[in-house]
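Trainee: Got a file for you: coords-v8.tsv, TSV, C-alpha atoms.
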chain	number	residue	atom	x	y	z
S	4	MET	CA	-92.19	178.34	132.77
S	5	GLU	CA	-90.12	178.98	135.87
S	6	SER	CA	-88.63	182.48	135.98
S	7	GLN	CA	-84.88	182.62	135.44
S	8	PRO	CA	-82.70	184.44	138.01
S	9	LEU	CA	-80.97	187.63	136.99
S	10	PRO	CA	-77.66	186.78	135.27
S	11	LEU	CA	-75.45	188.43	137.89
S	12	ASP	CA	-77.29	187.31	141.01
S	13	GLY	CA	-74.61	186.44	143.57
S	14	ILE	CA	-71.92	188.59	141.95
S	15	THR	CA	-70.41	191.33	144.15
S	16	VAL	CA	-68.78	194.39	142.62
S	17	VAL	CA	-66.62	196.92	144.48
S	18	ALA	CA	-66.02	200.21	142.69
S	19	VAL	CA	-63.80	203.16	143.50
S	20	GLU	CA	-65.43	205.37	140.93
S	21	GLN	CA	-66.41	208.89	140.00
S	22	ALA	CA	-68.11	210.91	137.27
S	23	VAL	CA	-69.67	208.79	134.48
S	24	ALA	CA	-67.48	206.12	132.85
S	25	ALA	CA	-67.07	203.71	135.78
S	26	PRO	CA	-70.38	204.52	137.52
S	27	PHE	CA	-72.37	203.90	134.33
S	28	ALA	CA	-70.53	200.61	133.76
S	29	THR	CA	-71.25	199.36	137.28
S	30	ARG	CA	-74.88	200.49	137.10
S	31	GLN	CA	-75.29	198.12	134.15
S	32	LEU	CA	-73.94	195.34	136.37
S	33	ALA	CA	-76.41	196.29	139.12
S	34	ASP	CA	-79.24	196.22	136.57
S	35	LEU	CA	-78.34	192.59	135.85
S	36	GLY	CA	-78.53	191.66	139.51
S	37	ALA	CA	-75.02	192.29	140.85
S	38	ARG	CA	-74.47	193.79	144.28
S	39	VAL	CA	-72.47	196.97	143.72
S	40	ILE	CA	-70.56	198.63	146.58
S	41	LYS	CA	-69.58	202.17	145.69
S	42	VAL	CA	-66.58	203.62	147.54
S	43	GLU	CA	-66.80	207.42	147.76
S	44	ARG	CA	-64.73	210.24	149.19
S	45	ILE	CA	-65.78	211.41	152.64
S	46	ASP	CA	-65.67	215.07	151.57
S	47	GLY	CA	-68.65	215.20	149.22
S	48	GLY	CA	-68.41	211.76	147.67
S	49	ASP	CA	-68.37	211.15	143.93
S	50	PHE	CA	-67.94	214.65	142.50
S	51	ALA	CA	-70.81	213.97	140.09
S	52	ARG	CA	-73.06	214.45	143.12
S	53	GLY	CA	-72.33	218.18	142.78
S	54	TYR	CA	-72.83	218.67	139.04
S	55	ASP	CA	-76.35	220.10	139.39
S	56	ARG	CA	-79.55	219.84	141.45
S	57	ALA	CA	-81.95	219.16	138.59
S	58	ALA	CA	-83.30	215.79	139.80
S	59	GLY	CA	-85.41	216.96	142.71
S	60	GLY	CA	-82.34	218.43	144.37
S	61	LEU	CA	-79.96	215.65	143.34
S	62	ALA	CA	-77.52	215.74	140.43
S	63	SER	CA	-78.97	214.31	137.23
S	64	HIS	CA	-75.72	212.56	136.25
S	65	PHE	CA	-75.52	210.89	139.65
S	66	VAL	CA	-79.15	209.72	139.62
S	67	TRP	CA	-78.69	208.28	136.13
S	68	CYS	CA	-75.51	206.32	136.89
S	69	ASN	CA	-75.83	205.20	140.52
S	70	ARG	CA	-79.15	203.62	141.33
S	71	GLY	CA	-79.08	200.25	143.01
S	72	LYS	CA	-75.71	200.71	144.72
S	73	GLU	CA	-74.51	200.72	148.32
S	74	SER	CA	-72.43	203.76	149.28
S	75	ILE	CA	-69.53	203.64	151.72
S	76	ALA	CA	-67.58	206.85	152.39
S	77	LEU	CA	-63.88	206.36	153.13
S	78	ASP	CA	-60.70	208.46	153.17
S	79	LEU	CA	-58.28	206.54	150.95
S	80	LYS	CA	-55.43	208.83	151.96
S	81	ASP	CA	-55.52	207.05	155.31
S	82	PRO	CA	-54.15	203.48	155.23
S	83	ARG	CA	-57.10	202.34	157.31
S	84	GLY	CA	-59.47	203.41	154.56
S	85	VAL	CA	-57.50	201.47	151.97
S	86	THR	CA	-57.49	198.45	154.27
S	87	VAL	CA	-61.30	198.51	154.35
S	88	VAL	CA	-61.41	198.59	150.54
S	89	ARG	CA	-59.06	195.62	150.37
S	90	GLN	CA	-61.26	193.73	152.82
S	91	LEU	CA	-64.28	194.44	150.63
S	92	ILE	CA	-62.39	193.33	147.52
S	93	ALA	CA	-61.39	190.07	149.22
S	94	GLY	CA	-65.05	189.07	149.18
S	95	ALA	CA	-65.83	190.46	145.73
S	96	ASP	CA	-65.95	189.06	142.21
S	97	VAL	CA	-65.30	192.32	140.36
S	98	PHE	CA	-63.40	195.52	141.12
S	99	VAL	CA	-63.71	198.66	138.97
S	100	GLN	CA	-61.80	201.92	139.28
S	101	ASN	CA	-61.39	205.10	137.24
S	102	LEU	CA	-59.12	207.16	139.47
S	103	ALA	CA	-56.64	209.64	138.03
S	104	HIS	CA	-53.60	208.17	136.29
S	105	GLY	CA	-51.30	206.45	138.78
S	106	ALA	CA	-53.58	206.88	141.80
S	107	ALA	CA	-54.84	203.30	141.93
S	108	ALA	CA	-51.31	201.89	141.57
S	109	ARG	CA	-50.07	204.06	144.44
S	110	LEU	CA	-52.83	202.59	146.60
S	111	GLY	CA	-52.20	199.03	145.41
S	112	LEU	CA	-55.65	199.01	143.83
S	113	ASP	CA	-54.63	198.66	140.18
S	114	ALA	CA	-55.93	195.63	138.29
S	115	ALA	CA	-52.56	193.88	137.94
S	116	THR	CA	-51.79	194.06	141.66
S	117	LEU	CA	-55.25	192.95	142.75
S	118	CYS	CA	-55.49	190.07	140.28
S	119	ALA	CA	-52.09	188.78	141.40
S	120	ALA	CA	-53.43	188.64	144.96
S	121	HIS	CA	-56.90	187.37	144.03
S	122	PRO	CA	-56.75	185.06	140.98
S	123	ARG	CA	-60.56	184.78	140.63
S	124	LEU	CA	-61.07	188.55	140.71
S	125	VAL	CA	-62.00	190.49	137.58
S	126	ALA	CA	-60.40	193.92	138.02
S	127	VAL	CA	-61.05	196.82	135.65
S	128	ASP	CA	-58.89	199.88	135.11
S	129	ILE	CA	-60.71	202.64	133.20
S	130	SER	CA	-58.55	205.52	132.03
S	131	GLY	CA	-58.65	208.41	129.63
S	132	TYR	CA	-55.86	207.41	127.29
S	133	GLY	CA	-54.51	204.08	128.54
S	134	PRO	CA	-51.73	203.14	130.99
S	135	SER	CA	-48.79	204.05	128.74
S	136	GLY	CA	-47.81	206.37	125.92
S	137	PRO	CA	-47.35	210.16	125.82
S	138	TYR	CA	-50.99	210.86	126.77
S	139	ALA	CA	-51.17	208.43	129.71
S	140	GLY	CA	-51.03	211.17	132.37
S	141	LYS	CA	-53.15	213.69	130.49
S	142	ARG	CA	-56.43	214.83	132.05
S	143	ALA	CA	-59.26	213.21	130.16
S	144	TYR	CA	-62.67	214.80	130.48
S	145	ASP	CA	-65.37	213.72	128.07
S	146	MET	CA	-65.32	216.80	125.82
S	147	LEU	CA	-61.52	216.67	125.57
S	148	VAL	CA	-61.57	213.02	124.48
S	149	GLN	CA	-64.35	213.77	121.97
S	150	CYS	CA	-61.95	216.30	120.44
S	151	GLU	CA	-58.92	213.99	120.50
S	152	ALA	CA	-60.95	211.15	118.95
S	153	GLY	CA	-62.16	213.30	116.06
S	154	LEU	CA	-65.85	213.04	116.98
S	155	VAL	CA	-66.19	216.81	117.13
S	156	SER	CA	-64.69	217.12	113.65
S	157	VAL	CA	-67.56	215.15	112.10
S	158	THR	CA	-70.37	216.54	114.27
S	159	GLY	CA	-72.09	219.85	113.59
S	160	THR	CA	-72.66	222.03	110.56
S	161	PRO	CA	-70.27	222.83	107.71
S	162	GLY	CA	-69.27	226.02	109.49
S	163	GLN	CA	-69.22	224.87	113.10
S	164	PRO	CA	-67.90	221.66	114.71
S	165	VAL	CA	-69.73	220.76	117.94
S	166	LYS	CA	-69.36	218.18	120.67
S	167	ALA	CA	-72.01	215.51	121.09
S	168	GLY	CA	-74.81	216.52	123.42
S	169	ILE	CA	-74.25	213.46	125.59
S	170	PRO	CA	-70.97	212.31	127.22
S	171	ALA	CA	-70.12	210.00	124.33
S	172	ALA	CA	-66.56	209.19	125.41
S	173	ASP	CA	-67.65	208.33	128.95
S	174	ILE	CA	-70.53	206.18	127.71
S	175	ALA	CA	-68.33	204.38	125.18
S	176	ALA	CA	-65.77	203.52	127.86
S	177	ALA	CA	-68.54	202.47	130.25
S	178	MET	CA	-70.10	200.07	127.80
S	179	TYR	CA	-66.76	198.44	126.92
S	180	ALA	CA	-65.95	198.11	130.62
S	181	PHE	CA	-69.38	196.53	131.16
S	182	SER	CA	-68.94	194.06	128.30
S	183	GLY	CA	-65.33	193.42	129.34
S	184	VAL	CA	-66.50	192.40	132.81
S	185	LEU	CA	-69.11	190.04	131.36
S	186	ALA	CA	-66.52	188.47	129.04
S	187	ALA	CA	-64.04	188.04	131.90
S	188	LEU	CA	-66.70	186.45	134.11
S	189	VAL	CA	-67.49	183.96	131.33
S	190	ARG	CA	-63.78	183.17	131.03
S	191	ARG	CA	-63.57	182.71	134.81
S	192	GLY	CA	-66.45	180.27	134.61
S	193	VAL	CA	-64.38	178.17	132.19
S	194	SER	CA	-60.85	178.61	133.55
S	195	GLY	CA	-61.47	179.54	137.18
S	196	ARG	CA	-59.39	182.71	136.81
S	197	GLY	CA	-60.55	186.29	136.47
S	198	GLY	CA	-57.91	188.77	135.39
S	199	PRO	CA	-57.35	192.41	134.51
S	200	VAL	CA	-59.50	194.39	132.08
S	201	GLU	CA	-58.23	197.66	130.60
S	202	VAL	CA	-60.47	200.23	128.90
S	203	SER	CA	-59.56	203.73	127.80
S	204	MET	CA	-61.97	206.44	126.74
S	205	LEU	CA	-59.90	207.26	123.65
S	206	ASP	CA	-59.75	203.61	122.53
S	207	ALA	CA	-63.49	203.22	123.04
S	208	LEU	CA	-64.48	206.36	121.18
S	209	ALA	CA	-61.95	205.73	118.40
S	210	GLU	CA	-63.71	202.40	117.82
S	211	TRP	CA	-67.05	204.19	117.59
S	212	MET	CA	-65.48	206.49	114.98
S	213	GLY	CA	-65.02	203.44	112.74
S	214	HIS	CA	-67.07	204.61	109.77
S	215	PRO	CA	-65.58	208.09	109.32
S	216	LEU	CA	-62.14	206.77	110.27
S	217	HIS	CA	-62.14	204.04	107.61
S	218	HIS	CA	-63.74	206.41	105.11
S	219	ALA	CA	-60.89	208.88	105.60
S	220	MET	CA	-58.06	206.31	105.85
S	221	HIS	CA	-59.06	204.30	102.83
S	222	GLY	CA	-60.88	206.86	100.71
S	223	GLY	CA	-58.68	209.82	101.46
S	224	THR	CA	-61.50	212.27	102.19
S	225	PRO	CA	-62.77	212.89	105.74
S	226	PRO	CA	-66.60	212.93	105.83
S	227	ALA	CA	-68.01	216.45	105.78
S	228	ARG	CA	-70.06	217.88	108.65
S	229	THR	CA	-73.62	218.12	107.39
S	230	GLY	CA	-75.79	218.89	110.43
S	231	LEU	CA	-78.84	216.66	110.22
S	232	ALA	CA	-78.27	216.01	106.54
S	233	HIS	CA	-76.34	213.04	105.17
S	234	ALA	CA	-73.10	213.57	103.29
S	235	VAL	CA	-73.91	211.13	100.47
S	236	ILE	CA	-77.70	210.66	100.53
S	237	ALA	CA	-80.49	213.07	99.52
S	238	PRO	CA	-83.08	213.82	100.61
S	239	TYR	CA	-81.97	213.09	104.16
S	240	ASP	CA	-82.62	215.96	106.56
S	241	ALA	CA	-85.10	217.58	108.93
S	242	TYR	CA	-87.80	219.75	107.37
S	243	ARG	CA	-90.02	222.30	109.07
S	244	THR	CA	-93.76	221.75	109.20
S	245	ALA	CA	-96.63	224.21	109.33
S	246	ASP	CA	-97.09	223.86	113.11
S	247	GLY	CA	-93.46	224.64	113.93
S	248	GLY	CA	-92.34	221.03	114.23
S	249	ARG	CA	-89.58	219.33	112.30
S	250	VAL	CA	-89.78	215.98	110.57
S	251	LEU	CA	-86.69	214.08	109.45
S	252	LEU	CA	-86.94	211.77	106.47
S	253	SER	CA	-84.47	209.50	104.76
S	254	VAL	CA	-84.77	208.27	101.18
S	255	GLN	CA	-82.51	205.23	100.88
S	256	ASN	CA	-83.10	204.28	97.25
S	257	ASP	CA	-84.66	205.51	94.04
S	258	ARG	CA	-87.85	203.49	94.51
S	259	GLU	CA	-88.53	205.39	97.71
S	260	TRP	CA	-87.84	208.66	95.90
S	261	ARG	CA	-90.46	207.83	93.29
S	262	ARG	CA	-93.02	207.14	96.02
S	263	LEU	CA	-92.09	210.37	97.79
S	264	ALA	CA	-92.41	212.35	94.57
S	265	GLU	CA	-95.80	210.87	93.74
S	266	GLN	CA	-97.50	210.55	97.14
S	267	VAL	CA	-96.00	213.39	99.20
S	268	ILE	CA	-94.59	216.04	96.88
S	269	GLY	CA	-97.43	215.47	94.41
S	270	ARG	CA	-95.16	215.55	91.35
S	271	PRO	CA	-94.72	212.00	90.03
S	272	GLU	CA	-92.65	213.24	87.08
S	273	LEU	CA	-89.78	213.94	89.48
S	274	GLY	CA	-89.33	210.19	89.78
S	275	THR	CA	-87.91	210.03	86.27
S	276	ASP	CA	-86.49	213.54	85.94
S	277	PRO	CA	-82.73	213.17	85.25
S	278	ASP	CA	-82.00	215.88	87.84
S	279	PHE	CA	-83.62	213.82	90.62
S	280	ALA	CA	-84.13	210.22	89.47
S	281	THR	CA	-80.95	208.87	91.06
S	282	ASN	CA	-79.36	209.48	94.45
S	283	ALA	CA	-76.21	210.83	92.78
S	284	ALA	CA	-78.33	213.36	90.88
S	285	ARG	CA	-80.24	214.35	94.00
S	286	VAL	CA	-77.01	214.87	95.96
S	287	GLU	CA	-75.64	216.99	93.12
S	288	ASN	CA	-78.89	219.00	93.19
S	289	ARG	CA	-79.30	218.87	96.97
S	290	GLU	CA	-80.61	222.44	97.37
S	291	ARG	CA	-83.32	221.94	94.78
S	292	THR	CA	-84.19	218.51	96.21
S	293	ASP	CA	-84.47	219.89	99.73
S	294	ALA	CA	-86.56	222.80	98.48
S	295	LEU	CA	-89.07	220.42	96.87
S	296	VAL	CA	-89.39	218.32	100.02
S	297	GLY	CA	-89.47	221.38	102.28
S	298	GLU	CA	-92.26	222.99	100.31
S	299	ALA	CA	-94.36	219.81	100.44
S	300	LEU	CA	-93.93	219.27	104.20
S	301	GLY	CA	-94.14	222.98	105.02
S	302	GLY	CA	-97.86	222.95	104.33
S	303	LEU	CA	-98.54	220.05	106.69
S	304	GLY	CA	-98.61	219.63	110.46
S	305	ALA	CA	-95.90	217.36	111.87
S	306	ASP	CA	-98.30	214.54	112.71
S	307	GLU	CA	-99.95	214.84	109.30
S	308	ALA	CA	-96.54	214.75	107.57
S	309	VAL	CA	-95.49	211.62	109.46
S	310	VAL	CA	-98.72	209.83	108.53
S	311	LEU	CA	-98.32	210.75	104.87
S	312	LEU	CA	-94.65	209.70	104.75
S	313	GLU	CA	-95.32	206.40	106.46
S	314	ARG	CA	-98.20	205.70	104.08
S	315	ALA	CA	-95.75	206.27	101.22
S	316	GLY	CA	-93.22	203.89	102.79
S	317	VAL	CA	-90.64	206.61	103.44
S	318	ALA	CA	-88.59	206.33	106.64
S	319	CYS	CA	-89.23	209.31	108.91
S	320	ALA	CA	-89.13	210.55	112.49
S	321	ARG	CA	-90.22	213.48	114.60
S	322	LEU	CA	-87.36	215.71	115.75
S	323	ARG	CA	-88.12	215.59	119.48
S	324	ASP	CA	-86.60	217.51	122.34
S	325	VAL	CA	-85.66	215.91	125.66
S	326	GLN	CA	-88.99	216.65	127.32
S	327	GLN	CA	-90.79	215.05	124.39
S	328	LEU	CA	-88.58	211.98	124.82
S	329	ALA	CA	-89.75	211.78	128.44
S	330	GLU	CA	-93.32	211.68	127.08
S	331	HIS	CA	-92.60	209.42	124.10
S	332	PRO	CA	-95.67	207.33	123.26
S	333	GLN	CA	-93.59	204.26	122.39
S	334	LEU	CA	-91.86	204.21	125.78
S	335	ALA	CA	-95.23	204.69	127.48
S	336	ALA	CA	-96.93	201.97	125.44
S	337	ARG	CA	-94.17	199.48	126.28
S	338	GLU	CA	-94.28	200.46	129.98
S	339	ARG	CA	-90.58	201.30	130.10
S	340	TRP	CA	-90.85	203.74	133.01
S	341	ARG	CA	-90.41	202.84	136.67
S	342	GLU	CA	-89.82	204.78	139.89
S	343	VAL	CA	-86.66	204.45	141.96
S	344	GLY	CA	-86.15	205.59	145.52
S	345	SER	CA	-83.70	208.33	146.43
S	346	PRO	CA	-82.85	210.62	149.34
S	347	VAL	CA	-85.35	213.13	147.89
S	348	GLY	CA	-88.14	210.64	147.23
S	349	PRO	CA	-89.21	208.60	144.18
S	350	LEU	CA	-87.78	209.55	140.78
S	351	ARG	CA	-88.73	208.36	137.30
S	352	ALA	CA	-86.19	206.10	135.57
S	353	LEU	CA	-86.15	204.00	132.43
S	354	LEU	CA	-85.81	200.26	132.52
S	355	PRO	CA	-82.39	199.27	131.16
S	356	PRO	CA	-82.31	198.45	127.44
S	357	ILE	CA	-81.35	194.79	128.01
S	358	THR	CA	-84.56	192.82	128.39
S	359	LEU	CA	-84.41	189.14	129.35
S	360	PRO	CA	-87.81	187.57	128.62
S	361	GLY	CA	-88.60	184.84	131.08
S	362	GLY	CA	-86.26	186.31	133.67
S	363	GLY	CA	-86.65	188.73	136.52
S	364	GLU	CA	-86.96	192.45	135.87
S	365	ALA	CA	-83.97	194.67	136.60
S	366	PRO	CA	-84.04	195.49	140.33
S	367	MET	CA	-83.90	199.30	139.81
S	368	GLY	CA	-82.66	199.92	143.36
S	369	ASP	CA	-82.49	203.23	145.19
S	370	VAL	CA	-80.04	206.04	144.54
S	371	PRO	CA	-77.89	206.01	147.70
S	372	ALA	CA	-77.11	208.91	149.99
S	373	LEU	CA	-73.41	209.47	150.59
S	374	GLY	CA	-72.20	206.90	153.13
S	375	GLU	CA	-75.69	205.44	153.54
S	376	HIS	CA	-74.27	201.92	153.89
S	377	THR	CA	-70.97	202.69	155.57
S	378	GLU	CA	-71.79	201.20	158.96
S	379	ALA	CA	-73.40	198.05	157.56
S	380	LEU	CA	-70.42	197.42	155.25
S	381	LEU	CA	-67.88	198.00	158.01
S	382	ARG	CA	-69.72	195.50	160.16
S	383	ALA	CA	-69.77	193.09	157.22
S	384	VAL	CA	-65.96	193.04	157.10
S	385	GLY	CA	-65.86	192.22	160.81
S	386	MET	CA	-65.38	195.58	162.50
S	387	ALA	CA	-66.57	196.02	166.04
S	388	ASP	CA	-68.41	199.09	167.35
S	389	ALA	CA	-65.26	200.58	168.85
S	390	GLU	CA	-63.33	200.26	165.57
S	391	ILE	CA	-66.16	201.86	163.59
S	392	ALA	CA	-66.42	204.68	166.11
S	393	ALA	CA	-62.67	205.30	165.82
S	394	LEU	CA	-62.82	205.49	162.05
S	395	ARG	CA	-65.68	207.98	162.23
S	396	ARG	CA	-63.96	210.02	164.93
S	397	ASP	CA	-60.75	210.25	162.88
S	398	GLY	CA	-62.56	211.16	159.66
S	399	VAL	CA	-61.59	207.94	157.89
S	400	ALA	CA	-65.19	206.83	157.41
S	401	ALA	CA	-68.41	208.78	157.16
As a first step, turn the structure in this file into structure tokens.
Mentor:
Amino acid sequence: MESQPLPLDGITVVAVEQAVAAPFATRQLADLGARVIKVERIDGGDFARGYDRAAGGLASHFVWCNRGKESIALDLKDPRGVTVVRQLIAGADVFVQNLAHGAAARLGLDAATLCAAHPRLVAVDISGYGPSGPYAGKRAYDMLVQCEAGLVSVTGTPGQPVKAGIPAADIAAAMYAFSGVLAALVRRGVSGRGGPVEVSMLDALAEWMGHPLHHAMHGGTPPARTGLAHAVIAPYDAYRTADGGRVLLSVQNDREWRRLAEQVIGRPELGTDPDFATNAARVENRERTDALVGEALGGLGADEAVVLLERAGVACARLRDVQQLAEHPQLAARERWREVGSPVGPLRALLPPITLPGGGEAPMGDVPALGEHTEALLRAVGMADAEIAALRRDGVAA
């Protein structure tokens, strides 16, 4: 069968972006074959470039969110820099920006203005709290939005709320921006018109809070923080093993409990004991339930415990750290790792989660150096050598 082209082959994206939300959204578009032109500040570029030097000297956030893009460095405080961006947008299908509140509008780069000038353009405004309302101008970093959205209130232990260990608000906004672009491109294919797309980090993360939100709104009781345990299911937690590992298991029904009692704990009578026979009873007697499971797994190695639990038909997982994820046997077996180029040499990267059997593999392009493509892109919009030299001399382009 003939290989299908990547879905976004021929689509050009221009992004005035920084940090995570917009860059991660546009990286998804690049993974599907789009050409993504990243507009960066001349004085250091996307500030995520400076977060750390963990990826061979590059910032780990930047490497994660920016492969496969072309970088042009422009000073948007100079009208000539904005003019270049507008020239790039004139030949683009999609524009994405996540500048501070009001900045894009002052530059004439907000979605409404651009879509009025370019009816086929899909233009995305990503913000922290949306374009209106009392929080519209409020600074919106990921941890702050996690707090405002209530995520921190349901994450952690009974005594300590904690933020998620990943930038959940940024990622949520990125994925809705990504899907919003795809939906708008489908609509354009039908109607011939693109249009604005608005995504806020708070809206996105509030949607992801759907289960605890509806539980609290309609049941009256906010879900308790339970660490790795489950508020209404037992046993459901991580248990230490003899070799220092931790194995998480989840018993979803009473049949599974009976198998666990017989084949793992070694006490089949617990399957019919009124103190443990039902989930409600086990939750009421959670400490005793956890003690029984903990004692059984505490005498086993982690691998041995997983084998025994799987043989008993009990859902389980190893509690892995990040380095163990990088060495995960399932990712290795499915050949999910590739290498991407970068200014510091090849770096490992995962294939994107969207797999399109019968189509081309995600291009996994290089991580760009700041301004690596500036000259080529200026030439592409028709600038002559003297004009490019003037922009560089005046600090408008780098």
Trainee: How many Å separate atom CA of S:Gln31 from atom CA of S:Tyr138?
Mentor: 28.4 Å
Trainee: At a cut-off of 12 Å, using all atoms listed in the file, what residues contact S:Pro134? Leave out same-chain residues fewer than 2 positions from it and give the result as a list in words.
Mentor: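 Result of the neighbour search: Asn101, Leu102, Ala103, His104, Gly105, Ala106, Ala107, Ala108, Asp113, Ala114, Ala115, Asp128, Ile129, Ser130, Gly131, Tyr132, Gly136, Pro137, Tyr138, Ala139, Gly140, Lys141, Val200, Glu201, Val202, Ser203, Met204, Leu205 and Asp206 of chain S.
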Trainee: Hey, can you pull every residue with an atom no more than 9 Å from (-72.6, 205.7, 150.6), using only C-alpha atoms, and send it as a list in words?
Mentor: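 All residues meeting the 9 Å criterion around (-72.6, 205.7, 150.6) are Ile40, Lys41, Val42, Glu43, Gly48, Lys72, Glu73, Ser74, Ile75, Ala76, Pro371, Ala372, Leu373, Gly374, Glu375, His376, Thr377 and Ala401 of chain S.
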Trainee: Can you measure atom CA of S:Ala365 to atom CA of S:Asp34 for me? One decimal in Å is fine.
Mentor: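 Between atom CA of S:Ala365 and atom CA of S:Asp34 the gap works out to 5.0 Å.
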Trainee: Report as AutoDock Vina command-line options the centre and the edge lengths, in Å to one decimal, of the axis-aligned box holding every listed atom of stretch 11-23 of chain S, padded by 6 Å on each side.
Mentor:
--center_x -70.5 --center_y 198.7 --center_z 139.5 --size_x 25.5 --size_y 36.5 --size_z 22.0
Trainee: One decimal, Å: what's the distance from atom CA of S:Leu381 over to atom CA of S:Ser345, could you say?
Mentor: 22.2 Å
Trainee: Around the point (-99.3, 226.0, 107.2) in the file's coordinates, collect all residues with an atom within 7 Å, using all atoms listed in the file, and return them as an mmCIF file with C-alpha atoms, in the frame of the given file.
Mentor:
data_model
loop_
_atom_site.group_PDB
_atom_site.id
_atom_site.type_symbol
_atom_site.label_atom_id
_atom_site.label_comp_id
_atom_site.auth_asym_id
_atom_site.auth_seq_id
_atom_site.Cartn_x
_atom_site.Cartn_y
_atom_site.Cartn_z
ATOM 1 C CA ALA S 245 -96.630 224.210 109.330
ATOM 2 C CA ASP S 246 -97.090 223.860 113.110
ATOM 3 C CA GLY S 301 -94.140 222.980 105.020
ATOM 4 C CA GLY S 302 -97.860 222.950 104.330
ATOM 5 C CA LEU S 303 -98.540 220.050 106.690
#
Trainee: Hey, what's within 10 Å of S:Glu290 if we count only C-alpha atoms and toss same-chain stuff fewer than 5 positions away? As a VMD selection string, please?
Mentor: chain S and resid 237 to 238 285 295
Trainee: I'd like to know which of S:Leu300, S:Ala95, S:Val88, S:Ala392 is closest to S:Gly111, using all atoms listed in the file.
Mentor: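 Of all the options, S:Val88 lies closest to S:Gly111.
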Trainee: Nearest residue to S:Gly198 out of S:Pro366, S:Pro122, S:Gly248, S:Gly60, using all atoms listed in the file?
Mentor: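 Nearest candidate to S:Gly198 out of S:Pro366, S:Pro122, S:Gly248, S:Gly60: S:Pro122.
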Trainee: Report as a Markdown table: every residue of stretch 334-373 of chain S with an atom at most 10 Å from stretch 10-20 of chain S, its closest pair of atoms, and their distance in Å to one decimal, counting only C-alpha atoms, with rows sorted by chain and ascending residue number.
Mentor:
| residue | atom | partner | partner_atom | distance |
| --- | --- | --- | --- | --- |
| S:Leu359 | CA | S:Pro10 | CA | 9.3 |
| S:Gly362 | CA | S:Pro10 | CA | 8.8 |
| S:Gly363 | CA | S:Pro10 | CA | 9.3 |
Trainee: Write a file of the selected residues as a PDB file, keeping the file's coordinate frame, keeping C-alpha atoms.
Mentor:
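Once everything was written out, this is again19.pdb:
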ATOM      1  CA  LEU S 359     -84.410 189.140 129.350  1.00  0.00           C
ATOM      2  CA  GLY S 362     -86.260 186.310 133.670  1.00  0.00           C
ATOM      3  CA  GLY S 363     -86.650 188.730 136.520  1.00  0.00           C
TER       4      GLY S 363
END
Trainee: Between S:Leu77, S:Val250, S:Ala234, S:Ala227, which has the minimum distance to S:Leu154 (counting only C-alpha atoms)?
Mentor: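 Closest to S:Leu154, using only C-alpha atoms: S:Ala227.
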Trainee: Rank nothing, just name the residue among S:Asp49, S:Ala24, S:His121, S:Gly71 nearest to S:Ala207, using only C-alpha atoms.
Mentor: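 Among S:Asp49, S:Ala24, S:His121, S:Gly71, it is S:Ala24 that comes nearest to S:Ala207.
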Trainee: Which residue is closest to S:Arg323? Choose from S:Arg262, S:Arg249, S:His214, S:Arg395 and count all atoms listed in the file.
Mentor: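 Nearest candidate to S:Arg323 out of S:Arg262, S:Arg249, S:His214, S:Arg395: S:Arg249.
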Trainee: Between S:Leu350, S:Gly361, S:Arg337, S:Leu380, which residue has the minimum interatomic distance to S:Ile92, considering all atoms listed in the file?
Mentor: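 Comparing S:Leu350, S:Gly361, S:Arg337, S:Leu380 against S:Ile92, the winner is S:Leu380.
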